[in-house]
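S.K.: You'll find structure31.cif just under this line, and it carries mmCIF, C-alpha atoms.
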data_my_file
#
loop_
_atom_site.group_PDB
_atom_site.id
_atom_site.type_symbol
_atom_site.label_atom_id
_atom_site.label_comp_id
_atom_site.auth_asym_id
_atom_site.auth_seq_id
_atom_site.Cartn_x
_atom_site.Cartn_y
_atom_site.Cartn_z
ATOM 1 C CA GLN A 10 -5.522 -34.085 -7.521
ATOM 2 C CA ARG A 11 -5.373 -30.449 -6.544
ATOM 3 C CA LEU A 12 -7.471 -29.429 -9.532
ATOM 4 C CA TYR A 13 -10.055 -32.096 -8.687
ATOM 5 C CA ALA A 14 -10.234 -30.800 -5.104
ATOM 6 C CA PHE A 15 -10.523 -27.222 -6.401
ATOM 7 C CA ALA A 16 -13.334 -28.182 -8.771
ATOM 8 C CA ALA A 17 -15.166 -30.214 -6.127
ATOM 9 C CA CYS A 18 -14.969 -27.435 -3.539
ATOM 10 C CA LEU A 19 -16.019 -24.806 -6.068
ATOM 11 C CA VAL A 20 -18.968 -26.860 -7.313
ATOM 12 C CA ALA A 21 -20.053 -27.628 -3.732
ATOM 13 C CA GLY A 22 -19.871 -23.927 -2.874
ATOM 14 C CA LEU A 23 -21.861 -22.921 -5.931
ATOM 15 C CA ALA A 24 -24.415 -25.647 -5.213
ATOM 16 C CA LEU A 25 -24.876 -24.346 -1.667
ATOM 17 C CA MET A 26 -25.358 -20.824 -2.990
ATOM 18 C CA MET A 27 -27.954 -22.040 -5.499
ATOM 19 C CA LEU A 28 -29.744 -24.033 -2.779
ATOM 20 C CA SER A 29 -29.860 -20.912 -0.651
ATOM 21 C CA LEU A 30 -32.001 -19.253 -3.300
ATOM 22 C CA ILE A 31 -34.576 -22.026 -2.949
ATOM 23 C CA VAL A 32 -34.929 -21.413 0.795
ATOM 24 C CA PHE A 33 -34.871 -17.626 0.412
ATOM 25 C CA ALA A 34 -38.074 -17.304 2.469
ATOM 26 C CA ARG A 35 -36.369 -18.839 5.520
ATOM 27 C CA PRO A 36 -33.710 -16.336 6.582
ATOM 28 C CA ILE A 37 -31.704 -18.640 8.851
ATOM 29 C CA LYS A 38 -31.304 -21.399 6.277
ATOM 30 C CA PHE A 39 -30.642 -18.848 3.542
ATOM 31 C CA ALA A 40 -27.888 -17.108 5.518
ATOM 32 C CA LEU A 41 -26.207 -20.358 6.529
ATOM 33 C CA LEU A 42 -26.260 -21.910 3.063
ATOM 34 C CA PHE A 43 -25.220 -18.735 1.268
ATOM 35 C CA THR A 44 -22.418 -17.890 3.687
ATOM 36 C CA PHE A 45 -20.930 -21.393 3.762
ATOM 37 C CA GLY A 46 -21.292 -21.669 -0.023
ATOM 38 C CA ASN A 47 -19.504 -18.380 -0.505
ATOM 39 C CA ILE A 48 -16.701 -19.371 1.873
ATOM 40 C CA MET A 49 -16.289 -22.725 0.113
ATOM 41 C CA ALA A 50 -16.194 -21.106 -3.325
ATOM 42 C CA VAL A 51 -13.589 -18.555 -2.273
ATOM 43 C CA GLY A 52 -11.697 -21.142 -0.235
ATOM 44 C CA SER A 53 -11.466 -23.492 -3.205
ATOM 45 C CA THR A 54 -8.567 -21.442 -4.542
ATOM 46 C CA VAL A 55 -6.489 -22.721 -1.610
ATOM 47 C CA PHE A 56 -6.190 -26.012 -3.480
ATOM 48 C CA VAL A 57 -4.685 -24.244 -6.484
ATOM 49 C CA MET A 58 -2.347 -21.775 -4.768
ATOM 50 C CA GLY A 59 -1.763 -23.220 -1.318
ATOM 51 C CA VAL A 60 -2.634 -21.822 2.078
ATOM 52 C CA ASN A 61 0.415 -19.588 2.561
ATOM 53 C CA LYS A 62 0.177 -17.885 -0.811
ATOM 54 C CA GLN A 63 -3.587 -17.434 -0.435
ATOM 55 C CA LEU A 64 -3.156 -15.746 2.950
ATOM 56 C CA ARG A 65 -0.269 -13.589 1.698
ATOM 57 C CA MET A 66 -2.401 -12.410 -1.223
ATOM 58 C CA MET A 67 -5.426 -11.768 0.990
ATOM 59 C CA LEU A 68 -3.329 -9.778 3.476
ATOM 60 C CA ASP A 69 -1.551 -7.765 0.785
ATOM 61 C CA PRO A 70 -1.786 -4.033 1.620
ATOM 62 C CA VAL A 71 -3.972 -3.442 -1.434
ATOM 63 C CA ARG A 72 -6.430 -6.236 -0.537
ATOM 64 C CA VAL A 73 -6.428 -6.167 3.256
ATOM 65 C CA TYR A 74 -9.474 -3.879 3.475
ATOM 66 C CA ALA A 75 -11.490 -6.011 1.062
ATOM 67 C CA THR A 76 -10.501 -9.123 3.013
ATOM 68 C CA ALA A 77 -11.547 -7.540 6.304
ATOM 69 C CA ILE A 78 -14.896 -6.475 4.877
ATOM 70 C CA TYR A 79 -15.506 -9.929 3.362
ATOM 71 C CA VAL A 80 -14.625 -11.817 6.555
ATOM 72 C CA GLY A 81 -16.566 -9.336 8.676
ATOM 73 C CA CYS A 82 -19.684 -9.654 6.543
ATOM 74 C CA ALA A 83 -19.486 -13.448 6.621
ATOM 75 C CA VAL A 84 -19.103 -13.463 10.415
ATOM 76 C CA PHE A 85 -21.904 -10.946 10.941
ATOM 77 C CA ALA A 86 -24.204 -12.883 8.598
ATOM 78 C CA LEU A 87 -23.676 -16.036 10.651
ATOM 79 C CA ILE A 88 -24.072 -14.213 13.965
ATOM 80 C CA PHE A 89 -27.279 -12.469 12.940
ATOM 81 C CA ALA A 90 -28.702 -15.623 11.384
ATOM 82 C CA LEU A 91 -28.116 -17.691 14.489
ATOM 83 C CA LEU A 92 -29.329 -15.121 17.043
#
Would it be possible to restate this file's structure as structure tokens?

M.R.:
Amino acid sequence: QRLYAFAACLVAGLALMMLSLIVFARPIKFALLFTFGNIMAVGSTVFVMGVNKQLRMMLDPVRVYATAIYVGCAVFALIFALL
């Protein structure tokens, strides 16, 4: 069941990212679809590893800067798209 949820979330995320390329001329729709697709694709690994292990790995001292940049870019993309 966890692998099915992982696959479904990953495919949905990739589909949203592909749909964002179709609406590339409309910046708001592009930013929303691409950002949510990216978050879903990355978040799909939660079904494989679990929430606690995913967060521990993301907040590992080696990866904490990459995590902060990723989350910051996703938040700024949504803020700038909606304003």

S.K.: When distances are computed from all atoms listed in the file, which of A:Ala17, A:Ile48, A:Leu23, A:Ile37 shows the smallest separation from Tyr79 (chain A)?

M.R.: A:Ile48

S.K.: Can you measure CA of Ile88 (chain A) to CA of Ala14 (chain A) for me? One decimal in Å is fine.

M.R.: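 Straight-line distance from CA of Ile88 (chain A) to CA of Ala14 (chain A) works out to 28.8 Å.
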
S.K.: What's around Leu87 (chain A) at 12 Å? Count only C-alpha atoms, leave out sequence neighbours fewer than 5 positions away in its own chain, and write the answer as a PyMOL selection string.

M.R.: chain A and resi 36-45+48+80-82+92

S.K.: Please check which residues have atoms at most 12 Å from (-9.5, -17.6, -2.5) in the file's coordinates, counting only C-alpha atoms, and write them as a PyMOL selection string.

M.R.: chain A and resi 15+18-19+47-68+72+76+79-80

S.K.: Go ahead and dump the residues you just picked, C-alpha atoms, as a PDB file, in the coordinates of the input.

M.R.:
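And here's out37.pdb as it stands now:
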ATOM      1  CA  PHE A  15     -10.523 -27.222  -6.401  1.00  0.00           C
ATOM      2  CA  CYS A  18     -14.969 -27.435  -3.539  1.00  0.00           C
ATOM      3  CA  LEU A  19     -16.019 -24.806  -6.068  1.00  0.00           C
ATOM      4  CA  ASN A  47     -19.504 -18.380  -0.505  1.00  0.00           C
ATOM      5  CA  ILE A  48     -16.701 -19.371   1.873  1.00  0.00           C
ATOM      6  CA  MET A  49     -16.289 -22.725   0.113  1.00  0.00           C
ATOM      7  CA  ALA A  50     -16.194 -21.106  -3.325  1.00  0.00           C
ATOM      8  CA  VAL A  51     -13.589 -18.555  -2.273  1.00  0.00           C
ATOM      9  CA  GLY A  52     -11.697 -21.142  -0.235  1.00  0.00           C
ATOM     10  CA  SER A  53     -11.466 -23.492  -3.205  1.00  0.00           C
ATOM     11  CA  THR A  54      -8.567 -21.442  -4.542  1.00  0.00           C
ATOM     12  CA  VAL A  55      -6.489 -22.721  -1.610  1.00  0.00           C
ATOM     13  CA  PHE A  56      -6.190 -26.012  -3.480  1.00  0.00           C
ATOM     14  CA  VAL A  57      -4.685 -24.244  -6.484  1.00  0.00           C
ATOM     15  CA  MET A  58      -2.347 -21.775  -4.768  1.00  0.00           C
ATOM     16  CA  GLY A  59      -1.763 -23.220  -1.318  1.00  0.00           C
ATOM     17  CA  VAL A  60      -2.634 -21.822   2.078  1.00  0.00           C
ATOM     18  CA  ASN A  61       0.415 -19.588   2.561  1.00  0.00           C
ATOM     19  CA  LYS A  62       0.177 -17.885  -0.811  1.00  0.00           C
ATOM     20  CA  GLN A  63      -3.587 -17.434  -0.435  1.00  0.00           C
ATOM     21  CA  LEU A  64      -3.156 -15.746   2.950  1.00  0.00           C
ATOM     22  CA  ARG A  65      -0.269 -13.589   1.698  1.00  0.00           C
ATOM     23  CA  MET A  66      -2.401 -12.410  -1.223  1.00  0.00           C
ATOM     24  CA  MET A  67      -5.426 -11.768   0.990  1.00  0.00           C
ATOM     25  CA  LEU A  68      -3.329  -9.778   3.476  1.00  0.00           C
ATOM     26  CA  ARG A  72      -6.430  -6.236  -0.537  1.00  0.00           C
ATOM     27  CA  THR A  76     -10.501  -9.123   3.013  1.00  0.00           C
ATOM     28  CA  TYR A  79     -15.506  -9.929   3.362  1.00  0.00           C
ATOM     29  CA  VAL A  80     -14.625 -11.817   6.555  1.00  0.00           C
TER      30      VAL A  80
END

S.K.: Between CA of Ile78 (chain A) and CA of Gly22 (chain A), what distance in Å does the model show, to one decimal?

M.R.: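 CA of Gly22 (chain A) lies 19.7 Å from CA of Ile78 (chain A).
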
S.K.: Quick one: distance from CA of Arg11 (chain A) to CA of Val71 (chain A) in Å, one decimal?

M.R.: 27.5 Å

S.K.: Could you check which of A:Leu25, A:Phe33, A:Gly46, A:Ala16 is closest to Ala83 (chain A), using only C-alpha atoms?

M.R.: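 Ranked by minimum distance to Ala83 (chain A), first place goes to A:Gly46.
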
S.K.: To box region 68-74 of chain A, take all atoms listed in the file, fit an axis-aligned box, add 6 Å on each side, and give centre and edge lengths in Å to one decimal, as AutoDock Vina command-line options.

M.R.:
--center_x -5.5 --center_y -6.6 --center_z 1.0 --size_x 19.9 --size_y 18.3 --size_z 16.9
